[in-house]
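Before any comments, here is the structure.
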Amino acid sequence: MSEEMEVMPIVWVVDDDASIRWVLEAALEDKPYIVKVFDSPLMALKSIEDFPPSAVLSDVRMPDMDGLTFMEAIHEKDKQIPVIIMTAHADLDTAVKSYQSEAFEYLPKPFDIDEATSLIERAVKRYLSGGMVKSRRSNKASKQPLNIIGGAPAMQEVFRVLGRVSKLDVTVLINGETGTGKELVARALHELSPRSEGPFVALNTAAIPRELLESELFGHEKGAFTGAHSQRIGRFEQADGGTLFLDEIGDMPVDLQTRLLRVLNDGSFYRVGGRNPIHTNVRIVAATHQNMEKLVREGRFREDLLYRLNIIRIKVPALRERREDIPLLARYYLEQEAKALGLEEKTLSKEVEKFLSSQQWPGNVRQLRSLCTWLTIMAPDKTVYIEDLPLELQEPSEDLSGELENDNWETPLRRWAQQFLSTGKEGLHTSAEPKFETVLIQESLKASGQHKQKAAALLGWGRNTLTRKMQALGLED
Ligand SMILES: Nc1ncnc2c1ncn2[C@@H]1O[C@H](COP(=O)(O)OP(=O)(O)OP(=O)(O)O)[C@@H](O)[C@H]1O
């Protein structure tokens, strides 16, 4: 070995893709390392005695050995060597496995070259300083049945955070529009956690009338209020030892926020009408489609509770922010629906895939999933063409503003607004909004044959949102 080799740390770059090897080698050229590039993990392992690495950057999918097995082989030689796993095909499973094993970091492709080099720098530094690599491998047999589809960079970021927090018992706040998969992410957090054997209890704060919410959460004693004929166990108690998923947390009334904060702080609470404190061990995962900071500014959400819930935040991107996932999701759900319904599996023509990828998807994945169900049942042939799509989708909807203008309902609305204002009254918007929403809800219900789930999809809402709005507008039945 030359003198230079003895003093300079060695960094391995292992990837079967020549362009990645080339880019990384070039990026590391000026750094104080000896860079060894390999197109095969087996070749790399053969040289572990001659060129012992201080850090390894490895792909996951390679022909002769996958990156995670490769990492294990390296750690059999030296447990301390940091391995950075990079992949273009990361799914939740890879992200979680690399964190639960000794991987130093997980780097989704395409990556920022500076990010990659600074990771390597940190890894080498830690190796040289003798920093312990803490084994996060535990509960190897943890079940991972959840299929969260996502190849887009924005979803890779979600997987990355999921992987990071998988074994930690921290409170998580999930942010995202309706139908983006917040509940799916919450379930994944539960399944990946040490609580996975415990219960996962979900409660949609917005779907339960305010008066009932308190007893729903904390339970009540017999006779606590009129109608409390027997004792009732609340969701907090049901979730003991597991995870409580609080959906639409932004809609929680302020007095309940105060109670929730108290439980989070002391781990105990009283049933409604109860005298004995109940102790529970519950991990909270909350979700919202709202801007929580804005709610705090408007005095509708307690700031201290937000801090408490918001230890880790996961932002689930809207479907239109990850268009490349639309064909993946559609293929997945066409397969699932065909299996579930016992029907032939449909395939989208290229033209349809392209068209669907250009849509706005206000109902996000839920809406796409409903479309796949519809197509599985309704499309006449195995291959789906544009003309097989439901009529409301066939209309070009790329530029929504143009379409609304063509419909030209604004002119009468403008006239109505002018009339309203000419009377000197206040509350223009508060007076118009319920009328506007009532019309849209009624029309969607009509178009769906009074089927609420379908009407909600037509509106681009979740079913819960529709139920809540209908209650508020007095449209129930
Ligand atoms: N990445 C994904 N891969 C596969 N299925 C998904 C994905 N994201 C969402 N889904 C599916 O889409 C539907 C809606 O997801 P989910 O209920 O988790 O959304 P949400 O954000 O909690 O909605 P809401 O805010 O309206 O309650 C579910 O059927 C879910 O399984």
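Residue numbers start at 1 in each chain; chains themselves are named A, B, ... in the order of the structure tokens; ligands are numbered from 1 in the order shown.
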Per residue of chain A within 7 Å of ligand 1, what are the shortest atom pair and its distance in Å to one decimal, counting only C-alpha atoms and all ligand atoms, with rows by chain and residue number, as JSON lines?
```
{"residue": "A:Asn147", "atom": "CA", "partner": "ligand 1", "partner_atom_place_in_ligand_line": "4 (C)", "distance": 5.9}
{"residue": "A:Ile148", "atom": "CA", "partner": "ligand 1", "partner_atom_place_in_ligand_line": "3 (N)", "distance": 3.8}
{"residue": "A:Ile149", "atom": "CA", "partner": "ligand 1", "partner_atom_place_in_ligand_line": "3 (N)", "distance": 3.8}
{"residue": "A:Gly150", "atom": "CA", "partner": "ligand 1", "partner_atom_place_in_ligand_line": "1 (N)", "distance": 5.5}
{"residue": "A:Gly176", "atom": "CA", "partner": "ligand 1", "partner_atom_place_in_ligand_line": "21 (O)", "distance": 6.2}
{"residue": "A:Glu177", "atom": "CA", "partner": "ligand 1", "partner_atom_place_in_ligand_line": "25 (O)", "distance": 6.1}
{"residue": "A:Thr178", "atom": "CA", "partner": "ligand 1", "partner_atom_place_in_ligand_line": "25 (O)", "distance": 3.6}
{"residue": "A:Gly179", "atom": "CA", "partner": "ligand 1", "partner_atom_place_in_ligand_line": "23 (O)", "distance": 3.5}
{"residue": "A:Thr180", "atom": "CA", "partner": "ligand 1", "partner_atom_place_in_ligand_line": "21 (O)", "distance": 4.1}
{"residue": "A:Gly181", "atom": "CA", "partner": "ligand 1", "partner_atom_place_in_ligand_line": "18 (O)", "distance": 3.1}
{"residue": "A:Lys182", "atom": "CA", "partner": "ligand 1", "partner_atom_place_in_ligand_line": "21 (O)", "distance": 3.7}
{"residue": "A:Glu183", "atom": "CA", "partner": "ligand 1", "partner_atom_place_in_ligand_line": "18 (O)", "distance": 3.6}
{"residue": "A:Leu184", "atom": "CA", "partner": "ligand 1", "partner_atom_place_in_ligand_line": "18 (O)", "distance": 4.1}
{"residue": "A:Val185", "atom": "CA", "partner": "ligand 1", "partner_atom_place_in_ligand_line": "18 (O)", "distance": 6.7}
{"residue": "A:Asp247", "atom": "CA", "partner": "ligand 1", "partner_atom_place_in_ligand_line": "27 (O)", "distance": 6.7}
{"residue": "A:Thr288", "atom": "CA", "partner": "ligand 1", "partner_atom_place_in_ligand_line": "25 (O)", "distance": 6.9}
{"residue": "A:His289", "atom": "CA", "partner": "ligand 1", "partner_atom_place_in_ligand_line": "25 (O)", "distance": 6.4}
{"residue": "A:Leu329", "atom": "CA", "partner": "ligand 1", "partner_atom_place_in_ligand_line": "4 (C)", "distance": 6.3}
{"residue": "A:Val365", "atom": "CA", "partner": "ligand 1", "partner_atom_place_in_ligand_line": "12 (O)", "distance": 4.5}
{"residue": "A:Arg366", "atom": "CA", "partner": "ligand 1", "partner_atom_place_in_ligand_line": "13 (C)", "distance": 4.0}
{"residue": "A:Arg369", "atom": "CA", "partner": "ligand 1", "partner_atom_place_in_ligand_line": "12 (O)", "distance": 6.4}
{"residue": "A:Trp461", "atom": "CA", "partner": "ligand 1", "partner_atom_place_in_ligand_line": "26 (O)", "distance": 6.9}
{"residue": "A:Gly462", "atom": "CA", "partner": "ligand 1", "partner_atom_place_in_ligand_line": "26 (O)", "distance": 4.3}
{"residue": "A:Asn464", "atom": "CA", "partner": "ligand 1", "partner_atom_place_in_ligand_line": "26 (O)", "distance": 6.9}
```
Exercise. Find the residues near Lys382 of chain A: any atom within 10 Å, counting only C-alpha atoms, skip ones fewer than 2 places away on the same chain, and give them as an MDAnalysis selection string.
Key: chainID A and resid 344:349 375:376 379:380 384:385
Can you write just those residues out, C-alpha atoms, as a PDB file, in the first residue's frame?
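The file below, out14.pdb, is the result:
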```pdb
ATOM      1  CA  GLU A 344     -60.758  -9.295 -15.906  1.00  0.00           C
ATOM      2  CA  GLU A 345     -57.918  -6.876 -15.216  1.00  0.00           C
ATOM      3  CA  LYS A 346     -58.074  -3.749 -17.368  1.00  0.00           C
ATOM      4  CA  THR A 347     -55.037  -2.091 -18.902  1.00  0.00           C
ATOM      5  CA  LEU A 348     -54.818   1.597 -19.689  1.00  0.00           C
ATOM      6  CA  SER A 349     -53.774   2.627 -23.163  1.00  0.00           C
ATOM      7  CA  LEU A 375     -63.301   1.194 -15.139  1.00  0.00           C
ATOM      8  CA  THR A 376     -62.966  -2.387 -13.936  1.00  0.00           C
ATOM      9  CA  ALA A 379     -64.923  -0.404 -19.509  1.00  0.00           C
ATOM     10  CA  PRO A 380     -66.043  -2.621 -22.402  1.00  0.00           C
ATOM     11  CA  VAL A 384     -59.132   1.250 -21.773  1.00  0.00           C
ATOM     12  CA  TYR A 385     -59.288   4.074 -24.350  1.00  0.00           C
TER      13      TYR A 385
END
```
Quiz item: Could you name the residues that touch Lys354 of chain A at 12 Å or less, counting only C-alpha atoms, but leaving out those on the same chain fewer than 2 positions away, as number ranges by chain?
Solution: A: 323-328, 330, 348-352, 356-359, 385-386
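When only C-alpha atoms are used to measure the gap to Gln471 of chain A, the shortest distance among A:Tyr270, A:Ser129, A:His220, A:Thr438 belongs to A:Thr438.
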Find the residues around Ile284 of chain A up to 6 Å (only C-alpha atoms counted), leave out those fewer than 3 positions away in its own chain, and share them as a CSV table (one decimal) with N, CA and C atoms, in the first residue's frame.
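Output contents, as saved in around27.csv:
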```csv
chain,number,residue,atom,x,y,z
A,171,THR,N,-44.8,11.5,18.7
A,171,THR,CA,-46.0,12.0,18.1
A,171,THR,C,-45.8,12.6,16.7
A,243,THR,N,-51.9,2.9,19.0
A,243,THR,CA,-51.9,4.2,18.4
A,243,THR,C,-53.3,4.7,18.3
A,244,LEU,N,-53.4,6.0,18.6
A,244,LEU,CA,-54.7,6.7,18.4
A,244,LEU,C,-54.5,7.7,17.2
```
Exercise. Within 10 Å of Ser444 of chain A, counting only C-alpha atoms, which residues show up once you throw out same-chain ones fewer than 2 positions away? Write them as a list in words, please.
Key: Thr438, Val439, Leu440, Ile441, Gln442, Lys446, Ala447, Ser448, Gly449, Gln450, His451, Lys452, Lys454, Ala455, Ala456, Ala457, Leu458 and Leu459 of chain A
Exercise. Run DSSP on the backbone and grab whatever in segment 306-356 of chain A lands in strand (DSSP E or B); send it over as a PyMOL selection string.
Key: chain A and resi 312-315+347-348
Hey, which bits of segment 168-280 of chain A sit within 12 Å of segment 292-300 of chain A, and for each residue what's the closest pair of atoms and how far apart in Å (one decimal), counting only C-alpha atoms, rows by chain and increasing number, as a tab-separated table?
```
residue	atom	partner	partner_atom	distance
A:Leu173	CA	A:Met292	CA	10.1
A:Ile174	CA	A:Met292	CA	10.9
A:Asn175	CA	A:Met292	CA	9.1
A:Gly176	CA	A:Met292	CA	11.3
A:Glu248	CA	A:Met292	CA	10.6
A:Ile249	CA	A:Met292	CA	9.2
A:Gly250	CA	A:Met292	CA	6.7
A:Asp251	CA	A:Arg300	CA	8.7
A:Met252	CA	A:Arg300	CA	8.9
A:Pro253	CA	A:Arg300	CA	8.0
A:Val254	CA	A:Arg300	CA	6.8
A:Asp255	CA	A:Arg300	CA	10.5
A:Leu256	CA	A:Arg300	CA	11.8
A:Gln257	CA	A:Arg300	CA	9.9
A:Thr258	CA	A:Arg300	CA	11.9
```
Write the selection just made, keeping C-alpha atoms, as an mmCIF file, in the first residue's frame?
```cif
data_model
loop_
_atom_site.group_PDB
_atom_site.id
_atom_site.type_symbol
_atom_site.label_atom_id
_atom_site.label_comp_id
_atom_site.auth_asym_id
_atom_site.auth_seq_id
_atom_site.Cartn_x
_atom_site.Cartn_y
_atom_site.Cartn_z
ATOM 1 C CA LEU A 173 -48.582 15.254 12.554
ATOM 2 C CA ILE A 174 -49.539 14.349 8.988
ATOM 3 C CA ASN A 175 -50.469 17.151 6.628
ATOM 4 C CA GLY A 176 -52.119 16.728 3.271
ATOM 5 C CA GLU A 248 -58.978 16.287 11.019
ATOM 6 C CA ILE A 249 -57.400 17.457 14.249
ATOM 7 C CA GLY A 250 -57.806 21.078 13.113
ATOM 8 C CA ASP A 251 -61.556 20.724 13.635
ATOM 9 C CA MET A 252 -61.262 19.785 17.277
ATOM 10 C CA PRO A 253 -63.132 22.241 19.529
ATOM 11 C CA VAL A 254 -60.860 24.346 21.724
ATOM 12 C CA ASP A 255 -62.115 22.965 25.056
ATOM 13 C CA LEU A 256 -61.287 19.452 23.911
ATOM 14 C CA GLN A 257 -57.887 20.622 22.740
ATOM 15 C CA THR A 258 -57.221 21.618 26.315
#
```
Practice problem: Run DSSP on the backbone and grab whatever in segment 217-447 of chain A lands in helix (DSSP H, G or I); send it over as JSON, numbers by chain. | Solution: {"A": [217, 218, 235, 236, 237, 238, 249, 250, 251, 254, 255, 256, 257, 258, 259, 260, 261, 262, 263, 264, 265, 266, 292, 293, 294, 295, 296, 297, 303, 304, 305, 306, 307, 308, 309, 319, 320, 321, 325, 326, 327, 328, 329, 330, 331, 332, 333, 334, 335, 336, 337, 338, 339, 340, 341, 350, 351, 352, 353, 354, 355, 356, 357, 364, 365, 366, 367, 368, 369, 370, 371, 372, 373, 374, 375, 376, 377, 378, 386, 387, 388, 391, 392, 393, 394, 400, 401, 402, 403, 404, 405, 406, 407, 410, 411, 412, 413, 414, 415, 416, 417, 418, 419, 420, 421, 422, 428, 429, 430, 431, 432, 433, 434, 435, 436, 437, 438, 439, 440, 441, 442, 443, 444, 445, 446, 447]}
Could the residues in this selection be saved with C-alpha atoms as a short mmCIF file (atom, residue, chain, number, x, y, z; two decimals), in the first residue's frame?
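So selection.cif came out as:
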```
data_model
loop_
_atom_site.label_atom_id
_atom_site.label_comp_id
_atom_site.auth_asym_id
_atom_site.auth_seq_id
_atom_site.Cartn_x
_atom_site.Cartn_y
_atom_site.Cartn_z
CA LEU A 217 -62.63 10.31 23.10
CA PHE A 218 -62.61 9.82 26.85
CA ARG A 235 -61.17 5.79 22.10
CA PHE A 236 -58.27 6.74 24.36
CA GLU A 237 -58.83 3.68 26.49
CA GLN A 238 -59.43 1.47 23.46
CA ILE A 249 -57.40 17.46 14.25
CA GLY A 250 -57.81 21.08 13.11
CA ASP A 251 -61.56 20.72 13.64
CA VAL A 254 -60.86 24.35 21.72
CA ASP A 255 -62.12 22.97 25.06
CA LEU A 256 -61.29 19.45 23.91
CA GLN A 257 -57.89 20.62 22.74
CA THR A 258 -57.22 21.62 26.32
CA ARG A 259 -58.23 18.18 27.57
CA LEU A 260 -56.16 16.47 24.93
CA LEU A 261 -53.11 18.49 25.89
CA ARG A 262 -53.58 17.47 29.50
CA VAL A 263 -53.70 13.79 28.60
CA LEU A 264 -50.60 14.14 26.47
CA ASN A 265 -48.80 15.81 29.34
CA ASP A 266 -49.75 13.49 32.20
CA MET A 292 -52.34 24.58 11.45
CA GLU A 293 -50.19 27.69 11.90
CA LYS A 294 -53.03 29.71 10.38
CA LEU A 295 -55.53 28.13 12.78
CA VAL A 296 -53.23 29.10 15.65
CA ARG A 297 -53.01 32.67 14.39
CA GLU A 303 -50.34 26.78 20.03
CA ASP A 304 -49.01 24.63 22.86
CA LEU A 305 -50.98 21.65 21.58
CA LEU A 306 -49.64 22.19 18.09
CA TYR A 307 -46.08 22.13 19.43
CA ARG A 308 -46.87 18.97 21.32
CA LEU A 309 -48.37 17.21 18.27
CA LEU A 319 -51.49 13.66 -6.43
CA ARG A 320 -50.95 16.47 -8.94
CA GLU A 321 -47.57 17.10 -7.25
CA ASP A 325 -47.14 8.09 -9.70
CA ILE A 326 -50.54 8.27 -11.41
CA PRO A 327 -49.91 5.38 -13.85
CA LEU A 328 -48.32 3.33 -11.04
CA LEU A 329 -51.31 3.85 -8.77
CA ALA A 330 -53.78 3.20 -11.57
CA ARG A 331 -52.07 -0.08 -12.51
CA TYR A 332 -51.99 -1.11 -8.88
CA TYR A 333 -55.66 -0.40 -8.30
CA LEU A 334 -56.80 -1.92 -11.59
CA GLU A 335 -55.10 -5.11 -10.49
CA GLN A 336 -56.54 -4.94 -6.97
CA GLU A 337 -60.08 -4.14 -8.08
CA ALA A 338 -60.06 -6.91 -10.69
CA LYS A 339 -59.01 -9.39 -8.02
CA ALA A 340 -61.51 -8.10 -5.50
CA LEU A 341 -64.41 -8.15 -7.94
CA LYS A 350 -50.75 4.93 -23.28
CA GLU A 351 -53.05 7.74 -24.31
CA VAL A 352 -55.25 7.26 -21.23
CA GLU A 353 -52.23 7.07 -18.91
CA LYS A 354 -51.01 10.33 -20.33
CA PHE A 355 -54.42 11.91 -20.07
CA LEU A 356 -54.93 10.81 -16.46
CA SER A 357 -51.47 12.09 -15.58
CA ASN A 364 -56.38 12.73 -5.00
CA VAL A 365 -55.66 9.01 -4.69
CA ARG A 366 -59.15 8.26 -3.42
CA GLN A 367 -60.62 9.70 -6.60
CA LEU A 368 -58.17 7.80 -8.81
CA ARG A 369 -58.97 4.61 -6.95
CA SER A 370 -62.73 5.11 -7.48
CA LEU A 371 -62.07 5.63 -11.17
CA CYS A 372 -60.21 2.31 -11.30
CA THR A 373 -63.16 0.56 -9.69
CA TRP A 374 -65.49 2.18 -12.18
CA LEU A 375 -63.30 1.19 -15.14
CA THR A 376 -62.97 -2.39 -13.94
CA ILE A 377 -66.74 -2.68 -13.99
CA MET A 378 -67.68 -0.42 -16.87
CA ILE A 386 -60.17 7.73 -23.87
CA GLU A 387 -63.76 7.20 -24.97
CA ASP A 388 -64.20 4.59 -22.21
CA LEU A 391 -67.95 11.61 -19.38
CA GLU A 392 -67.00 14.08 -16.67
CA LEU A 393 -63.35 13.13 -17.14
CA GLN A 394 -63.37 13.25 -20.92
CA LEU A 400 -59.94 25.07 -14.99
CA SER A 401 -60.27 28.82 -15.04
CA GLY A 402 -61.05 28.83 -18.78
CA GLU A 403 -63.68 26.21 -18.30
CA LEU A 404 -65.41 28.09 -15.54
CA GLU A 405 -65.44 31.20 -17.63
CA ASN A 406 -67.03 29.34 -20.53
CA ASP A 407 -69.73 28.09 -18.22
CA GLU A 410 -70.24 34.26 -12.81
CA THR A 411 -72.33 36.88 -14.54
CA PRO A 412 -75.55 36.09 -12.64
CA LEU A 413 -73.50 35.67 -9.46
CA ARG A 414 -71.96 39.09 -9.99
CA ARG A 415 -75.40 40.56 -10.47
CA TRP A 416 -76.61 38.90 -7.30
CA ALA A 417 -73.59 40.24 -5.36
CA GLN A 418 -74.20 43.77 -6.63
CA GLN A 419 -77.84 43.56 -5.64
CA PHE A 420 -76.93 42.26 -2.19
CA LEU A 421 -74.39 45.02 -1.61
CA SER A 422 -76.73 47.72 -2.87
CA LEU A 428 -71.84 38.82 1.33
CA HIS A 429 -69.66 35.73 1.41
CA THR A 430 -71.30 34.08 4.42
CA SER A 431 -74.62 34.48 2.71
CA ALA A 432 -73.46 33.17 -0.68
CA GLU A 433 -71.35 30.24 0.41
CA PRO A 434 -74.09 27.96 1.78
CA LYS A 435 -76.22 28.62 -1.33
CA PHE A 436 -73.31 27.85 -3.62
CA GLU A 437 -72.39 24.69 -1.74
CA THR A 438 -75.99 23.53 -1.54
CA VAL A 439 -76.29 23.73 -5.32
CA LEU A 440 -73.08 21.78 -5.90
CA ILE A 441 -73.98 19.13 -3.34
CA GLN A 442 -77.51 18.67 -4.65
CA GLU A 443 -76.34 18.39 -8.23
CA SER A 444 -73.64 15.87 -7.35
CA LEU A 445 -76.10 13.78 -5.37
CA LYS A 446 -78.49 13.87 -8.29
CA ALA A 447 -75.74 12.86 -10.75
#
```
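Minimum atom-to-atom distances from A:Val161, A:Asp240, A:Val272, A:Glu105 to Ser215 of chain A were compared using only C-alpha atoms, and the lowest value belongs to A:Val272.
Ranking A:Ile10, A:Met71, A:Ile113, A:Ser19 by their shortest atom-to-atom distance to Glu49 of chain A, with only C-alpha atoms included, puts A:Ile10 first.
Here atom CA of Asp15 of chain A and atom CA of Ala44 of chain A stand 10.4 Å from one another.
Minimum atom-to-atom distance to Lys77 of chain A, evaluated using only C-alpha atoms, belongs to A:Leu45 out of A:Val96, A:Leu45, A:Leu107, A:Ala186.
Taking only C-alpha atoms into account, Trp361 of chain A lies nearest to A:Ala318 out of the set A:Val23, A:Ala318, A:Ala224, A:Val285.
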Exercise. Counting only C-alpha atoms, figure out which residue out of A:Val124, A:Gln290, A:Gly223, A:Asp93 gets nearest to Ala188 of chain A.
Key: A:Asp93
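Atom pair atom CA of Tyr106 of chain A / atom CA of Met86 of chain A has a distance of 5.9 Å (rounded to one decimal).
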Practice problem: Find the distance between atom CA of Asp112 of chain A and atom CA of Ile20 of chain A and write it in Å to one decimal. | Solution: 11.9 Å
